[in-house]
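Participant: The following file, final_10.pdb, comprises PDB, C-alpha atoms:
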```
ATOM      1  CA  MET A  17      11.529  63.409  14.154  1.00  0.00           C
ATOM      2  CA  VAL A  18      11.511  60.880  11.324  1.00  0.00           C
ATOM      3  CA  VAL A  19      11.314  57.205  12.212  1.00  0.00           C
ATOM      4  CA  LYS A  20      13.108  54.902   9.763  1.00  0.00           C
ATOM      5  CA  THR A  21      10.769  52.080   8.871  1.00  0.00           C
ATOM      6  CA  GLU A  22      11.332  49.144   6.549  1.00  0.00           C
ATOM      7  CA  LYS A  23       8.843  47.165   4.481  1.00  0.00           C
ATOM      8  CA  CYS A  24       8.111  43.550   5.300  1.00  0.00           C
ATOM      9  CA  ALA A  25       9.323  41.428   2.378  1.00  0.00           C
ATOM     10  CA  PHE A  26       6.202  39.233   2.558  1.00  0.00           C
ATOM     11  CA  SER A  27       3.221  41.349   3.627  1.00  0.00           C
ATOM     12  CA  GLU A  28       4.630  44.772   2.590  1.00  0.00           C
ATOM     13  CA  TYR A  29       3.513  46.370   5.868  1.00  0.00           C
ATOM     14  CA  ASN A  30       5.790  48.868   7.651  1.00  0.00           C
ATOM     15  CA  VAL A  31       8.181  47.342  10.186  1.00  0.00           C
ATOM     16  CA  TYR A  32       9.136  49.867  12.880  1.00  0.00           C
ATOM     17  CA  PRO A  33      12.453  49.895  14.760  1.00  0.00           C
ATOM     18  CA  GLY A  34      12.608  47.215  17.470  1.00  0.00           C
ATOM     19  CA  HIS A  35       9.946  45.082  15.755  1.00  0.00           C
ATOM     20  CA  GLY A  36      10.101  42.234  13.264  1.00  0.00           C
ATOM     21  CA  MET A  37      13.098  40.107  12.397  1.00  0.00           C
ATOM     22  CA  ARG A  38      15.757  39.836   9.718  1.00  0.00           C
ATOM     23  CA  MET A  39      16.432  36.644   7.881  1.00  0.00           C
ATOM     24  CA  VAL A  40      19.189  35.990   5.362  1.00  0.00           C
ATOM     25  CA  ARG A  41      18.084  34.076   2.294  1.00  0.00           C
ATOM     26  CA  ARG A  42      20.110  31.248   0.790  1.00  0.00           C
ATOM     27  CA  ASP A  43      21.315  33.606  -1.943  1.00  0.00           C
ATOM     28  CA  GLY A  44      22.730  35.978   0.721  1.00  0.00           C
ATOM     29  CA  GLN A  45      20.036  38.657   0.494  1.00  0.00           C
ATOM     30  CA  PRO A  46      18.837  39.978   3.896  1.00  0.00           C
ATOM     31  CA  VAL A  47      15.036  39.993   4.220  1.00  0.00           C
ATOM     32  CA  THR A  48      13.017  41.983   6.765  1.00  0.00           C
ATOM     33  CA  LEU A  49       9.911  40.242   8.086  1.00  0.00           C
ATOM     34  CA  GLY A  50       7.094  41.731  10.166  1.00  0.00           C
ATOM     35  CA  GLY A  51       6.751  38.860  12.630  1.00  0.00           C
ATOM     36  CA  SER A  52       6.608  35.108  13.132  1.00  0.00           C
ATOM     37  CA  LYS A  53       3.461  34.827  10.992  1.00  0.00           C
ATOM     38  CA  THR A  54       5.160  36.271   7.904  1.00  0.00           C
ATOM     39  CA  LYS A  55       8.303  34.206   8.598  1.00  0.00           C
ATOM     40  CA  SER A  56       6.234  31.037   8.808  1.00  0.00           C
ATOM     41  CA  MET A  57       4.377  31.821   5.562  1.00  0.00           C
ATOM     42  CA  MET A  58       7.624  32.628   3.765  1.00  0.00           C
ATOM     43  CA  LEU A  59       9.259  29.366   4.913  1.00  0.00           C
ATOM     44  CA  GLN A  60       6.156  27.469   3.698  1.00  0.00           C
ATOM     45  CA  ARG A  61       6.690  29.184   0.324  1.00  0.00           C
ATOM     46  CA  MET A  62       3.207  30.672   0.351  1.00  0.00           C
ATOM     47  CA  LYS A  63       2.423  33.336  -2.222  1.00  0.00           C
ATOM     48  CA  PRO A  64       1.574  36.700  -0.640  1.00  0.00           C
ATOM     49  CA  SER A  65      -0.936  37.410  -3.421  1.00  0.00           C
ATOM     50  CA  LYS A  66      -2.997  34.375  -2.309  1.00  0.00           C
ATOM     51  CA  LEU A  67      -3.392  35.556   1.300  1.00  0.00           C
ATOM     52  CA  GLN A  68      -6.073  38.181   1.950  1.00  0.00           C
ATOM     53  CA  TRP A  69      -4.262  39.970   4.772  1.00  0.00           C
ATOM     54  CA  THR A  70      -1.227  40.939   2.657  1.00  0.00           C
ATOM     55  CA  GLN A  71      -0.819  44.119   0.637  1.00  0.00           C
ATOM     56  CA  GLY A  72      -0.088  42.032  -2.475  1.00  0.00           C
ATOM     57  CA  TRP A  73      -3.578  40.489  -2.371  1.00  0.00           C
ATOM     58  CA  ARG A  74      -5.194  43.896  -1.732  1.00  0.00           C
ATOM     59  CA  ARG A  75      -3.339  45.380  -4.734  1.00  0.00           C
ATOM     60  CA  LEU A  76      -4.315  42.486  -7.041  1.00  0.00           C
ATOM     61  CA  ASN A  77      -7.972  42.644  -6.024  1.00  0.00           C
ATOM     62  CA  LYS A  78      -8.135  46.446  -6.290  1.00  0.00           C
ATOM     63  CA  LYS A  79      -8.892  46.962  -2.591  1.00  0.00           C
ATOM     64  CA  MET A  80      -6.456  49.853  -2.287  1.00  0.00           C
ATOM     65  CA  GLN A  81      -5.718  52.871  -4.360  1.00  0.00           C
ATOM     66  CA  VAL A  82      -2.602  52.303  -6.436  1.00  0.00           C
ATOM     67  CA  ASP A  83      -0.603  55.346  -7.494  1.00  0.00           C
ATOM     68  CA  THR A  84      -1.409  55.708 -11.154  1.00  0.00           C
ATOM     69  CA  THR A  85       1.083  57.541 -13.260  1.00  0.00           C
ATOM     70  CA  VAL A  86      -0.321  60.110 -15.621  1.00  0.00           C
ATOM     71  CA  LYS A  87       0.475  59.180 -19.189  1.00  0.00           C
ATOM     72  CA  LYS A  88       2.902  61.638 -20.699  1.00  0.00           C
ATOM     73  CA  ARG A  89       1.498  63.399 -23.708  1.00  0.00           C
ATOM     74  CA  THR A  90       3.386  62.863 -26.903  1.00  0.00           C
ATOM     75  CA  ARG A  91       3.327  65.243 -29.798  1.00  0.00           C
ATOM     76  CA  LYS A  92       1.826  63.911 -32.954  1.00  0.00           C
ATOM     77  CA  THR A  93       4.368  63.803 -35.743  1.00  0.00           C
ATOM     78  CA  THR A  94       3.496  65.826 -38.793  1.00  0.00           C
ATOM     79  CA  LYS A  95       4.217  64.587 -42.281  1.00  0.00           C
ATOM     80  CA  PHE A  96       6.546  66.727 -44.310  1.00  0.00           C
ATOM     81  CA  GLN A  97       7.031  66.147 -48.030  1.00  0.00           C
ATOM     82  CA  ARG A  98      10.502  66.755 -49.434  1.00  0.00           C
ATOM     83  CA  ALA A  99      11.756  66.691 -53.004  1.00  0.00           C
ATOM     84  CA  ILE A 100      13.640  63.614 -54.193  1.00  0.00           C
ATOM     85  CA  VAL A 101      16.731  63.840 -56.382  1.00  0.00           C
ATOM     86  CA  GLY A 102      15.509  63.984 -59.979  1.00  0.00           C
ATOM     87  CA  ALA A 103      11.924  64.972 -59.075  1.00  0.00           C
ATOM     88  CA  SER A 104      10.774  68.311 -57.724  1.00  0.00           C
ATOM     89  CA  LEU A 105       8.085  68.733 -55.081  1.00  0.00           C
ATOM     90  CA  GLU A 106       5.547  69.904 -57.687  1.00  0.00           C
ATOM     91  CA  ASP A 107       6.131  66.775 -59.797  1.00  0.00           C
ATOM     92  CA  LEU A 108       5.581  64.567 -56.757  1.00  0.00           C
ATOM     93  CA  LYS A 109       2.349  66.398 -55.872  1.00  0.00           C
ATOM     94  CA  LYS A 110       1.087  66.015 -59.457  1.00  0.00           C
ATOM     95  CA  LYS A 111       1.779  62.267 -59.374  1.00  0.00           C
ATOM     96  CA  LYS A 112       0.043  61.956 -56.013  1.00  0.00           C
ATOM     97  CA  THR A 113      -3.118  63.676 -57.280  1.00  0.00           C
ATOM     98  CA  GLN A 114      -3.257  61.579 -60.481  1.00  0.00           C
ATOM     99  CA  LYS A 115      -5.925  58.927 -60.722  1.00  0.00           C
ATOM    100  CA  PRO A 116      -4.716  55.293 -60.799  1.00  0.00           C
ATOM    101  CA  HIS A 117      -5.938  54.635 -64.364  1.00  0.00           C
ATOM    102  CA  GLU A 118      -4.069  57.725 -65.620  1.00  0.00           C
ATOM    103  CA  ARG A 119      -0.902  56.543 -63.890  1.00  0.00           C
ATOM    104  CA  SER A 120      -1.207  53.028 -65.352  1.00  0.00           C
ATOM    105  CA  ALA A 121      -1.827  54.437 -68.861  1.00  0.00           C
ATOM    106  CA  GLN A 122       1.290  56.596 -68.500  1.00  0.00           C
ATOM    107  CA  ARG A 123       3.318  53.567 -67.378  1.00  0.00           C
ATOM    108  CA  GLU A 124       2.098  51.472 -70.313  1.00  0.00           C
ATOM    109  CA  ALA A 125       2.984  54.251 -72.773  1.00  0.00           C
ATOM    110  CA  ALA A 126       6.492  54.475 -71.296  1.00  0.00           C
ATOM    111  CA  LEU A 127       6.911  50.684 -71.532  1.00  0.00           C
ATOM    112  CA  ARG A 128       5.714  50.704 -75.144  1.00  0.00           C
ATOM    113  CA  GLU A 129       8.227  53.424 -75.976  1.00  0.00           C
ATOM    114  CA  VAL A 130      11.086  51.463 -74.366  1.00  0.00           C
ATOM    115  CA  LYS A 131      10.086  48.289 -76.253  1.00  0.00           C
ATOM    116  CA  GLU A 132       9.997  50.148 -79.555  1.00  0.00           C
ATOM    117  CA  ARG A 133      13.414  51.642 -78.871  1.00  0.00           C
ATOM    118  CA  ASN A 134      14.811  48.174 -78.093  1.00  0.00           C
ATOM    119  CA  LYS A 135      13.283  46.776 -81.315  1.00  0.00           C
ATOM    120  CA  ALA A 136      14.885  49.596 -83.324  1.00  0.00           C
ATOM    121  CA  LYS A 137      18.263  48.881 -81.684  1.00  0.00           C
ATOM    122  CA  LYS A 138      17.996  45.163 -82.475  1.00  0.00           C
ATOM    123  CA  ALA A 139      17.055  45.871 -86.097  1.00  0.00           C
ATOM    124  CA  ALA A 140      19.972  48.292 -86.472  1.00  0.00           C
ATOM    125  CA  SER A 141      22.421  45.811 -84.936  1.00  0.00           C
ATOM    126  CA  LYS A 142      21.154  42.996 -87.219  1.00  0.00           C
ATOM    127  CA  LYS A 143      21.624  45.168 -90.301  1.00  0.00           C
ATOM    128  CA  SER A 144      25.196  46.122 -89.355  1.00  0.00           C
ATOM    129  CA  GLU A 145      26.238  42.588 -88.305  1.00  0.00           C
ATOM    130  CA  GLY A 146      24.136  40.686 -90.824  1.00  0.00           C
ATOM    131  CA  GLY A 147      26.835  40.055 -93.506  1.00  0.00           C
ATOM    132  CA  ALA A 148      29.761  39.352 -91.171  1.00  0.00           C
ATOM    133  CA  LYS A 149      27.762  36.996 -88.972  1.00  0.00           C
ATOM    134  CA  GLY A 150      26.606  34.860 -91.958  1.00  0.00           C
ATOM    135  CA  LYS A 151      30.162  34.321 -93.179  1.00  0.00           C
ATOM    136  CA  ALA A 152      31.326  33.406 -89.674  1.00  0.00           C
ATOM    137  CA  PHE A 153      28.655  30.722 -89.498  1.00  0.00           C
ATOM    138  CA  GLN A 154      29.725  29.313 -92.874  1.00  0.00           C
ATOM    139  CA  LYS A 155      33.363  29.073 -91.805  1.00  0.00           C
ATOM    140  CA  THR A 156      32.643  27.237 -88.557  1.00  0.00           C
ATOM    141  CA  LYS A 157      29.986  24.985 -90.038  1.00  0.00           C
ATOM    142  CA  GLY A 158      30.853  21.353 -89.477  1.00  0.00           C
ATOM    143  CA  PHE A 159      33.213  22.027 -86.551  1.00  0.00           C
ATOM    144  CA  GLY A 160      30.584  22.085 -83.833  1.00  0.00           C
ATOM    145  CA  LYS A 161      29.584  19.306 -81.440  1.00  0.00           C
ATOM    146  CA  GLY A 162      29.209  15.878 -83.007  1.00  0.00           C
ATOM    147  CA  ALA A 163      30.481  17.021 -86.398  1.00  0.00           C
ATOM    148  CA  THR A 164      33.908  15.394 -86.039  1.00  0.00           C
ATOM    149  CA  GLY A 165      32.638  12.004 -87.109  1.00  0.00           C
ATOM    150  CA  GLY A 166      33.412  10.294 -83.782  1.00  0.00           C
ATOM    151  CA  LYS A 167      31.074   8.154 -81.722  1.00  0.00           C
ATOM    152  CA  GLN A 168      27.922   9.758 -80.493  1.00  0.00           C
ATOM    153  CA  ARG A 169      26.534   8.790 -77.136  1.00  0.00           C
TER     154      ARG A 169
END
```
How would this structure read if it were set down as structure tokens?

Facilitator:
Amino acid sequence: MVVKTEKCAFSEYNVYPGHGMRMVRRDGQPVTLGGSKTKSMMLQRMKPSKLQWTQGWRRLNKKMQVDTTVKKRTRKTTKFQRAIVGASLEDLKKKKTQKPHERSAQREAALREVKERNKAKKAASKKSEGGAKGKAFQKTKGFGKGATGGKQR
């Protein structure tokens, strides 16, 4: 035969049928108390963890064995390298194994190449636009800001 017991809301001891009392809190929640002592302490707003005879105090001061949950083992994630669009896995591995000074030298060479290409483009564009641009400047000369002969501020 199983006896239905309830826990005291203050001391956390078992309250057997026919013992203790029920009190309804202001918020409407029914509370089971073990006896007049626990009722008195609750009405005085005492903290159960401050009183040695309560289970709360015993738990805080490690006087009773608390059920410890065994930590669930998690699998360690393994790193997996995948190819990126435009670079194969071998290329990525080569770059990873390169020394930093080699990588920086490669970067500088690439930058130099880009700069030279840009210089060549600018020179080519100057040659093609050189004559037309000079004439355009001659035509508009004297029609810029302040060239109208008005007051200058």

Participant: Write out as a list in words the residues lying within 7 Å of range 26-36 of chain A, counting all atoms listed in the file and excluding same-chain residues fewer than 2 positions away.

Facilitator: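 Result of the neighbour search: Thr21, Glu22, Lys23, Cys24, Leu49, Gly50, Gly51, Thr54, Met58, Pro64, Thr70, Gln71 and Gly72 of chain A.
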
Participant: Work out how far apart CA of Ser65 in chain A and CA of Asn77 in chain A are and give it in Å to one decimal.

Facilitator: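 Spanning CA of Ser65 in chain A to CA of Asn77 in chain A is a straight-line distance of 9.1 Å.
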
Participant: Mind pulling up the distance from CA of Lys20 in chain A to CA of Val47 in chain A?

Facilitator: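 Pair CA of Val47 in chain A / CA of Lys20 in chain A returns 16.0 Å.
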
Participant: So how far away is CA of Thr113 in chain A from CA of Lys95 in chain A, in Å?

Facilitator: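 About the pair CA of Lys95 in chain A and CA of Thr113 in chain A: they are 16.7 Å apart.
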
Participant: Residues within 7 Å of Thr48 in chain A, please, as a list of chain:residue names. Count all atoms listed in the file; anything in the same chain fewer than 3 positions from it doesn't count.

Facilitator: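 In the requested format, the answer is A:Cys24, A:Ala25, A:Met37, A:Arg38, A:Met39.
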